[in-house]
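Right, one structure below, let's go through it.
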Amino acid sequence: MKIISFIFLVGLYTVQSFAQMPAMGKVEYASMPSEILGKDREFAIYLPKSYSTDPDKAYPVLYLLHGGGGAHIDWPEKANLAEVANQIIDFKDAAEMIIVCPEAGKDHMNYFNHPEWKYEDYFFQELIPYIESTYRVIGDKNHRAIAGLSMGGGGTLVYAQHHPEMFAAAYAMGGYLYRMDLSFVDPNDPAVERLQSLVEENNTVKLLLGSSEEQVHKLKTVAWFIDCGDDDFTFTPNMEFVAALNAKGIPYQLRVRDGGHTWEYWHSALYLALPFVTNIFREASSMASY
């Protein structure tokens with residue numbers, strides 16, 4: 001009887017302990033239909049801890065893009081997105097926000113439009129409206145940001161240039177900004193050539209340098225942040241993008257830290273990116289209130 005009583009008490013204590021554990025932000029995996037792409041698209045979404053306990057609260061949103069050959073699961077699984085976000089938010093270094101990780105690694109593996117795969121149209125015409133109608137997102141420029149690594153860093157800078165009216169902030173991490181000679185891919189692979197051609201067609205540096213005065217005025221409404229490791233093979237293109245920002249008189253923040261084109265670097269970048277977009281959300285909202 002004593003053993004049974006002990007087991008009962010341990011079980012009761014365990015249940016009570018779980019019941020007393022504070023709510024935590026978490027990542028969920030979902031999919032959505034796409035008429036533009038002709039098939040369902042997957043995404044991961046981080047929901048902050050109060051999402052389940054405060055049904056009247058709406059949140060700013062960060063779209064966080066993966067790199068080439070990656071998937072929507074990369075940020076949650078390789079960079080421990082939920083754990084990092086929970087930590088930063090709990091320490092009050094970032095506001096609660098929703099973070100969306102789209103999937104652009106399957107099929108044609110890119111964030112840009114081409115005749116067979118209009119991913120950019122999908123992103124703006126279907127994904128963003130779907131997220132904002134399905135989840136409690138504050139759906140305006142002042143509460144929307146975009147960030148990404150490598151191919152997703154290039155996508156971030158192109159999207160923010162194409163649609164500066166959509167984003168308060170753009171944060172690129174080791175962005176792949178134009179076609180480069182890559183020793184780790186087969187140049188004769190048709191899929192590689194197609195991707196490289198699309199990247200060059202959306203050459204981020206050329207796009208910025210070709211901006212009109214009117215476009216530059218709009219680009220100045222976006223807070224730009226370039227984060228690149230000193231050993232990253234994309235270092236030169238990223239510095240060229242910074243030079244283009246300078247040439248156009250567009251304010252930005254730049255961090256060159258020790259590291260390369262690695263998940264160790266991109267994981268650490270979250271500790272800069274989430275506080276940065278939080279500050280931009282707060283500043284943009286404060287300015288809008290006047």
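Every chain in the structure tokens takes a letter, A first, then B, and so on in the order presented; its residues are numbered from 1, and the ligands are numbered from 1 following the presented order.
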
- prompt: Could you name the residues that touch stretch 281-285 of chain A at 12 Å or less, counting only C-alpha atoms, but leaving out those on the same chain fewer than 6 positions away, as a PyMOL selection string?
  reply: chain A and resi 59-62+94-97+138+140-146+167-170+221-223+274-275

With N, CA and C atoms kept, could you save the residues just selected as a PDB file, in the first residue's frame?
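After the write, out_34.pdb holds the following:
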```
ATOM      1  N   TYR A  59      -0.996  40.609 -33.303  1.00  0.00           N
ATOM      2  CA  TYR A  59       0.458  40.643 -33.205  1.00  0.00           C
ATOM      3  C   TYR A  59       1.115  41.149 -34.491  1.00  0.00           C
ATOM      4  N   PRO A  60       2.276  41.779 -34.371  1.00  0.00           N
ATOM      5  CA  PRO A  60       3.080  42.061 -35.564  1.00  0.00           C
ATOM      6  C   PRO A  60       3.588  40.749 -36.144  1.00  0.00           C
ATOM      7  N   VAL A  61       4.038  40.804 -37.381  1.00  0.00           N
ATOM      8  CA  VAL A  61       4.430  39.561 -38.047  1.00  0.00           C
ATOM      9  C   VAL A  61       5.777  39.738 -38.747  1.00  0.00           C
ATOM     10  N   LEU A  62       6.590  38.701 -38.659  1.00  0.00           N
ATOM     11  CA  LEU A  62       7.866  38.622 -39.359  1.00  0.00           C
ATOM     12  C   LEU A  62       7.823  37.436 -40.305  1.00  0.00           C
ATOM     13  N   ALA A  94      12.518  41.561 -27.049  1.00  0.00           N
ATOM     14  CA  ALA A  94      11.684  41.600 -28.253  1.00  0.00           C
ATOM     15  C   ALA A  94      10.232  41.489 -27.842  1.00  0.00           C
ATOM     16  N   ALA A  95       9.372  42.052 -28.670  1.00  0.00           N
ATOM     17  CA  ALA A  95       7.932  41.963 -28.418  1.00  0.00           C
ATOM     18  C   ALA A  95       7.410  40.622 -28.904  1.00  0.00           C
ATOM     19  N   GLU A  96       6.277  40.209 -28.340  1.00  0.00           N
ATOM     20  CA  GLU A  96       5.613  39.030 -28.880  1.00  0.00           C
ATOM     21  C   GLU A  96       5.247  39.303 -30.336  1.00  0.00           C
ATOM     22  N   MET A  97       5.516  38.348 -31.179  1.00  0.00           N
ATOM     23  CA  MET A  97       5.207  38.486 -32.598  1.00  0.00           C
ATOM     24  C   MET A  97       4.918  37.116 -33.184  1.00  0.00           C
ATOM     25  N   ILE A 138      -1.583  41.864 -37.091  1.00  0.00           N
ATOM     26  CA  ILE A 138      -1.849  43.273 -37.390  1.00  0.00           C
ATOM     27  C   ILE A 138      -1.389  43.492 -38.829  1.00  0.00           C
ATOM     28  N   ASP A 140      -0.645  45.561 -41.360  1.00  0.00           N
ATOM     29  CA  ASP A 140      -0.241  46.808 -42.012  1.00  0.00           C
ATOM     30  C   ASP A 140       1.278  46.895 -42.060  1.00  0.00           C
ATOM     31  N   LYS A 141       1.774  47.832 -42.842  1.00  0.00           N
ATOM     32  CA  LYS A 141       3.217  48.001 -43.033  1.00  0.00           C
ATOM     33  C   LYS A 141       3.961  48.168 -41.715  1.00  0.00           C
ATOM     34  N   ASN A 142       3.383  48.945 -40.805  1.00  0.00           N
ATOM     35  CA  ASN A 142       4.071  49.258 -39.553  1.00  0.00           C
ATOM     36  C   ASN A 142       4.295  48.051 -38.658  1.00  0.00           C
ATOM     37  N   HIS A 143       3.581  46.963 -38.939  1.00  0.00           N
ATOM     38  CA  HIS A 143       3.686  45.775 -38.096  1.00  0.00           C
ATOM     39  C   HIS A 143       4.074  44.533 -38.902  1.00  0.00           C
ATOM     40  N   ARG A 144       4.732  44.761 -40.059  1.00  0.00           N
ATOM     41  CA  ARG A 144       5.133  43.645 -40.923  1.00  0.00           C
ATOM     42  C   ARG A 144       6.600  43.806 -41.291  1.00  0.00           C
ATOM     43  N   ALA A 145       7.385  42.728 -41.139  1.00  0.00           N
ATOM     44  CA  ALA A 145       8.811  42.754 -41.485  1.00  0.00           C
ATOM     45  C   ALA A 145       9.163  41.471 -42.236  1.00  0.00           C
ATOM     46  N   ILE A 146      10.312  41.509 -42.886  1.00  0.00           N
ATOM     47  CA  ILE A 146      10.781  40.349 -43.639  1.00  0.00           C
ATOM     48  C   ILE A 146      12.264  40.161 -43.374  1.00  0.00           C
ATOM     49  N   PHE A 167       6.471  46.587 -45.979  1.00  0.00           N
ATOM     50  CA  PHE A 167       7.340  46.193 -44.872  1.00  0.00           C
ATOM     51  C   PHE A 167       7.919  47.396 -44.130  1.00  0.00           C
ATOM     52  N   ALA A 168       7.947  47.265 -42.816  1.00  0.00           N
ATOM     53  CA  ALA A 168       8.613  48.268 -41.991  1.00  0.00           C
ATOM     54  C   ALA A 168      10.109  48.020 -41.929  1.00  0.00           C
ATOM     55  N   ALA A 169      10.517  46.750 -42.070  1.00  0.00           N
ATOM     56  CA  ALA A 169      11.925  46.401 -41.921  1.00  0.00           C
ATOM     57  C   ALA A 169      12.273  45.226 -42.816  1.00  0.00           C
ATOM     58  N   ALA A 170      13.553  45.203 -43.242  1.00  0.00           N
ATOM     59  CA  ALA A 170      14.092  44.092 -44.029  1.00  0.00           C
ATOM     60  C   ALA A 170      15.469  43.743 -43.471  1.00  0.00           C
ATOM     61  N   THR A 221      11.488  54.407 -46.417  1.00  0.00           N
ATOM     62  CA  THR A 221      10.488  54.094 -45.389  1.00  0.00           C
ATOM     63  C   THR A 221      10.683  52.695 -44.817  1.00  0.00           C
ATOM     64  N   VAL A 222      11.648  51.957 -45.348  1.00  0.00           N
ATOM     65  CA  VAL A 222      11.982  50.620 -44.855  1.00  0.00           C
ATOM     66  C   VAL A 222      13.265  50.711 -44.036  1.00  0.00           C
ATOM     67  N   ALA A 223      13.312  50.030 -42.899  1.00  0.00           N
ATOM     68  CA  ALA A 223      14.537  49.950 -42.097  1.00  0.00           C
ATOM     69  C   ALA A 223      15.355  48.755 -42.600  1.00  0.00           C
ATOM     70  N   LEU A 274      15.368  39.802 -34.079  1.00  0.00           N
ATOM     71  CA  LEU A 274      14.088  39.959 -33.380  1.00  0.00           C
ATOM     72  C   LEU A 274      14.025  41.266 -32.584  1.00  0.00           C
ATOM     73  N   PRO A 275      15.066  41.643 -31.835  1.00  0.00           N
ATOM     74  CA  PRO A 275      15.032  42.966 -31.196  1.00  0.00           C
ATOM     75  C   PRO A 275      14.989  44.105 -32.212  1.00  0.00           C
TER      76      PRO A 275
END
```

Would you mind listing, for every residue of stretch 183-279 of chain A within 12 Å of stretch 114-134 of chain A, the two atoms forming the shortest contact and the distance between them in Å to one decimal, using only C-alpha atoms, sorted by chain and ascending residue number, as a tab-separated table?
```
residue	atom	partner	partner_atom	distance
A:Arg194	CA	A:His114	CA	9.8
A:Leu195	CA	A:His114	CA	10.3
A:Ser197	CA	A:His114	CA	10.4
A:Leu198	CA	A:His114	CA	7.8
A:Val199	CA	A:His114	CA	11.1
A:Glu201	CA	A:His114	CA	10.1
A:Asn202	CA	A:His114	CA	11.0
```

Could the residues in this selection be written to a file with N, CA and C atoms, as a PDB file, in the first residue's frame?
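Output saved as part.pdb:
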```pdb
ATOM      1  N   ARG A 194      18.999  27.235 -63.922  1.00  0.00           N
ATOM      2  CA  ARG A 194      17.738  27.984 -63.866  1.00  0.00           C
ATOM      3  C   ARG A 194      17.706  28.881 -62.639  1.00  0.00           C
ATOM      4  N   LEU A 195      18.116  28.338 -61.489  1.00  0.00           N
ATOM      5  CA  LEU A 195      18.136  29.122 -60.258  1.00  0.00           C
ATOM      6  C   LEU A 195      19.116  30.282 -60.379  1.00  0.00           C
ATOM      7  N   SER A 197      20.154  31.775 -63.054  1.00  0.00           N
ATOM      8  CA  SER A 197      19.637  32.768 -63.997  1.00  0.00           C
ATOM      9  C   SER A 197      18.580  33.646 -63.343  1.00  0.00           C
ATOM     10  N   LEU A 198      17.710  33.030 -62.534  1.00  0.00           N
ATOM     11  CA  LEU A 198      16.675  33.798 -61.844  1.00  0.00           C
ATOM     12  C   LEU A 198      17.273  34.755 -60.826  1.00  0.00           C
ATOM     13  N   VAL A 199      18.298  34.286 -60.125  1.00  0.00           N
ATOM     14  CA  VAL A 199      18.966  35.160 -59.159  1.00  0.00           C
ATOM     15  C   VAL A 199      19.563  36.364 -59.868  1.00  0.00           C
ATOM     16  N   GLU A 201      18.657  37.608 -62.776  1.00  0.00           N
ATOM     17  CA  GLU A 201      17.576  38.462 -63.279  1.00  0.00           C
ATOM     18  C   GLU A 201      17.045  39.378 -62.186  1.00  0.00           C
ATOM     19  N   ASN A 202      17.193  38.933 -60.937  1.00  0.00           N
ATOM     20  CA  ASN A 202      16.751  39.726 -59.786  1.00  0.00           C
ATOM     21  C   ASN A 202      17.952  40.219 -58.983  1.00  0.00           C
TER      22      ASN A 202
END
```

task: Extract, using only C-alpha atoms, all DNA, RNA and protein residues at most 9 Å from A:Gly148, discarding same-chain residues fewer than 5 positions from it, and format them as a ChimeraX atom specification.
output: /A:63-67,153-157,170-175

message: Based on the backbone DSSP call, show me all residues of stretch 23-247 of chain A assigned helix (DSSP H, G or I), as JSON, numbers by chain.
response: {"A": [49, 50, 51, 74, 75, 76, 77, 78, 81, 82, 83, 84, 85, 86, 87, 88, 89, 90, 119, 120, 121, 122, 123, 124, 125, 126, 127, 128, 129, 130, 131, 132, 133, 134, 141, 142, 143, 151, 152, 153, 154, 155, 156, 157, 158, 159, 160, 161, 162, 190, 191, 192, 193, 194, 195, 196, 197, 198, 199, 200, 201, 204, 205, 206, 207, 208, 209, 213, 214, 215, 216, 217, 218, 219, 235, 236, 237, 238, 239, 240, 241, 242, 243, 244, 245, 246, 247]}

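With distances taken over only C-alpha atoms, A:Glu213 is the one residue among A:Asp93, A:Glu213, A:Glu28, A:Asp40 lying closest to A:Gly249.
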
- prompt: When DSSP works through the backbone of this structure, what residues of stretch 99-270 of chain A end up as strand (DSSP E), shown as a PyMOL selection string?
  reply: chain A and resi 99-102+113-114+117-118+144-149+169-173+223-229+252-257

File dump, residues just selected, N, CA, C and O atoms, as a short mmCIF file (atom, residue, chain, number, x, y, z; two decimals), in the first residue's frame:
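Generated file (again31.cif):
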```
data_model
loop_
_atom_site.label_atom_id
_atom_site.label_comp_id
_atom_site.auth_asym_id
_atom_site.auth_seq_id
_atom_site.Cartn_x
_atom_site.Cartn_y
_atom_site.Cartn_z
N ILE A 99 5.78 34.66 -36.32
CA ILE A 99 6.86 34.48 -37.28
C ILE A 99 6.45 33.39 -38.27
O ILE A 99 6.15 32.27 -37.86
N VAL A 100 6.44 33.73 -39.55
CA VAL A 100 6.01 32.81 -40.60
C VAL A 100 7.21 32.38 -41.43
O VAL A 100 7.97 33.23 -41.92
N CYS A 101 7.39 31.08 -41.57
CA CYS A 101 8.47 30.52 -42.38
C CYS A 101 7.87 29.83 -43.60
O CYS A 101 7.39 28.69 -43.50
N PRO A 102 7.84 30.50 -44.76
CA PRO A 102 7.26 29.88 -45.95
C PRO A 102 8.15 28.76 -46.49
O PRO A 102 9.32 28.64 -46.12
N ASN A 113 9.52 35.13 -59.56
CA ASN A 113 8.59 34.71 -60.62
C ASN A 113 9.34 34.22 -61.85
O ASN A 113 10.37 34.79 -62.23
N HIS A 114 8.85 33.16 -62.43
CA HIS A 114 9.22 32.80 -63.80
C HIS A 114 8.00 32.12 -64.42
O HIS A 114 7.02 31.82 -63.71
N TRP A 117 6.47 29.19 -62.57
CA TRP A 117 6.41 29.19 -61.10
C TRP A 117 6.42 30.61 -60.57
O TRP A 117 7.47 31.19 -60.30
N LYS A 118 5.27 31.21 -60.40
CA LYS A 118 5.18 32.62 -60.00
C LYS A 118 5.13 32.73 -58.47
O LYS A 118 4.11 33.08 -57.89
N ARG A 144 4.73 44.76 -40.06
CA ARG A 144 5.13 43.65 -40.92
C ARG A 144 6.60 43.81 -41.29
O ARG A 144 7.03 44.89 -41.73
N ALA A 145 7.39 42.73 -41.14
CA ALA A 145 8.81 42.75 -41.48
C ALA A 145 9.16 41.47 -42.24
O ALA A 145 8.42 40.49 -42.21
N ILE A 146 10.31 41.51 -42.89
CA ILE A 146 10.78 40.35 -43.64
C ILE A 146 12.26 40.16 -43.37
O ILE A 146 13.01 41.13 -43.22
N ALA A 147 12.69 38.90 -43.31
CA ALA A 147 14.10 38.57 -43.08
C ALA A 147 14.39 37.24 -43.74
O ALA A 147 13.48 36.47 -44.06
N GLY A 148 15.67 36.95 -43.94
CA GLY A 148 16.00 35.67 -44.53
C GLY A 148 17.50 35.47 -44.64
O GLY A 148 18.28 36.41 -44.53
N LEU A 149 17.88 34.22 -44.88
CA LEU A 149 19.28 33.84 -45.01
C LEU A 149 19.58 33.39 -46.44
O LEU A 149 18.73 32.82 -47.11
N ALA A 169 10.52 46.75 -42.07
CA ALA A 169 11.92 46.40 -41.92
C ALA A 169 12.27 45.23 -42.82
O ALA A 169 11.43 44.37 -43.10
N ALA A 170 13.55 45.20 -43.24
CA ALA A 170 14.09 44.09 -44.03
C ALA A 170 15.47 43.74 -43.47
O ALA A 170 16.35 44.61 -43.39
N TYR A 171 15.66 42.49 -43.09
CA TYR A 171 16.89 42.03 -42.44
C TYR A 171 17.46 40.86 -43.25
O TYR A 171 16.86 39.79 -43.30
N ALA A 172 18.61 41.07 -43.89
CA ALA A 172 19.24 40.03 -44.71
C ALA A 172 20.46 39.46 -44.01
O ALA A 172 21.31 40.21 -43.51
N MET A 173 20.57 38.13 -44.00
CA MET A 173 21.66 37.43 -43.35
C MET A 173 22.47 36.66 -44.40
O MET A 173 21.99 35.66 -44.93
N ALA A 223 13.31 50.03 -42.90
CA ALA A 223 14.54 49.95 -42.10
C ALA A 223 15.36 48.76 -42.60
O ALA A 223 14.92 47.61 -42.51
N TRP A 224 16.55 49.03 -43.12
CA TRP A 224 17.39 48.00 -43.75
C TRP A 224 18.48 47.55 -42.78
O TRP A 224 19.11 48.38 -42.13
N PHE A 225 18.70 46.24 -42.74
CA PHE A 225 19.75 45.68 -41.88
C PHE A 225 20.47 44.60 -42.66
O PHE A 225 19.86 43.63 -43.10
N ILE A 226 21.79 44.78 -42.84
CA ILE A 226 22.62 43.79 -43.52
C ILE A 226 23.53 43.14 -42.49
O ILE A 226 24.28 43.83 -41.79
N ASP A 227 23.48 41.82 -42.41
CA ASP A 227 24.23 41.05 -41.41
C ASP A 227 24.98 39.96 -42.17
O ASP A 227 24.36 39.07 -42.76
N CYS A 228 26.32 40.03 -42.17
CA CYS A 228 27.09 39.07 -42.96
C CYS A 228 28.40 38.73 -42.27
O CYS A 228 29.10 39.62 -41.77
N GLY A 229 28.73 37.46 -42.24
CA GLY A 229 29.96 37.02 -41.62
C GLY A 229 31.18 37.40 -42.43
O GLY A 229 31.14 37.47 -43.67
N TYR A 252 20.72 52.63 -43.16
CA TYR A 252 20.76 51.18 -42.93
C TYR A 252 21.57 50.89 -41.68
O TYR A 252 22.26 51.77 -41.14
N GLN A 253 21.49 49.65 -41.25
CA GLN A 253 22.39 49.14 -40.21
C GLN A 253 23.19 47.99 -40.82
O GLN A 253 22.68 47.21 -41.63
N LEU A 254 24.45 47.89 -40.40
CA LEU A 254 25.35 46.85 -40.91
C LEU A 254 26.05 46.17 -39.74
O LEU A 254 26.53 46.84 -38.83
N ARG A 255 26.07 44.84 -39.78
CA ARG A 255 26.88 44.07 -38.83
C ARG A 255 27.73 43.09 -39.61
O ARG A 255 27.21 42.28 -40.38
N VAL A 256 29.04 43.17 -39.40
CA VAL A 256 29.97 42.17 -39.92
C VAL A 256 30.56 41.48 -38.70
O VAL A 256 31.28 42.08 -37.91
N ARG A 257 30.19 40.22 -38.54
CA ARG A 257 30.60 39.47 -37.36
C ARG A 257 31.49 38.30 -37.78
O ARG A 257 31.55 37.93 -38.96
#
```

query: What does the distance between atom CA of A:Gly259 and atom CA of A:Thr234 come to in Å, to one decimal place?
result: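 So the answer is 11.7 Å.
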
- line: Shortest contact to A:Tyr46, candidates A:Glu240, A:Ile98, A:Ile73, A:Gln87, atoms counted only C-alpha atoms, goes to A:Ile98

Please provide the set of residues having any atom within 9 Å of A:Phe241, restricted to only C-alpha atoms, with same-chain residues fewer than 6 positions apart removed, written as a tab-separated table (two decimals) with C-alpha atoms, in the first residue's frame.
```
chain	number	residue	atom	x	y	z
A	177	LEU	CA	22.33	38.68	-54.07
A	204	THR	CA	19.62	42.95	-55.85
A	205	VAL	CA	22.50	45.38	-56.23
A	206	LYS	CA	21.57	46.35	-59.80
A	208	LEU	CA	18.85	49.19	-56.08
A	209	LEU	CA	21.29	51.16	-58.22
A	226	ILE	CA	22.62	43.79	-43.52
```

task: For atom CA of A:Ala30 and atom CA of A:Asp74, determine how far apart the two atoms are, in Å to one decimal place.
output: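 Separation between atom CA of A:Ala30 and atom CA of A:Asp74: 14.4 Å.
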
field: Given only C-alpha atoms as the counted atoms, nearest of A:Asp107, A:Glu264, A:Glu77, A:Glu83 to A:Lys39
entry: A:Asp107

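Taking atom CA of A:Asp54 as the reference point, atom CA of A:Val27 is found at 17.3 Å.
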
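With only C-alpha atoms as the atoms that count, the minimum distance from A:Met24 to the choices A:Lys49, A:Lys78, A:Arg136, A:Arg41 is reached by A:Lys49.
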
- request: Have a look at A:Val242, A:Ala82, A:Ala23, A:Val192 and name the one nearest to A:Gly68; count only C-alpha atoms.
  value: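 For A:Gly68, the nearest of the candidates is A:Val192.
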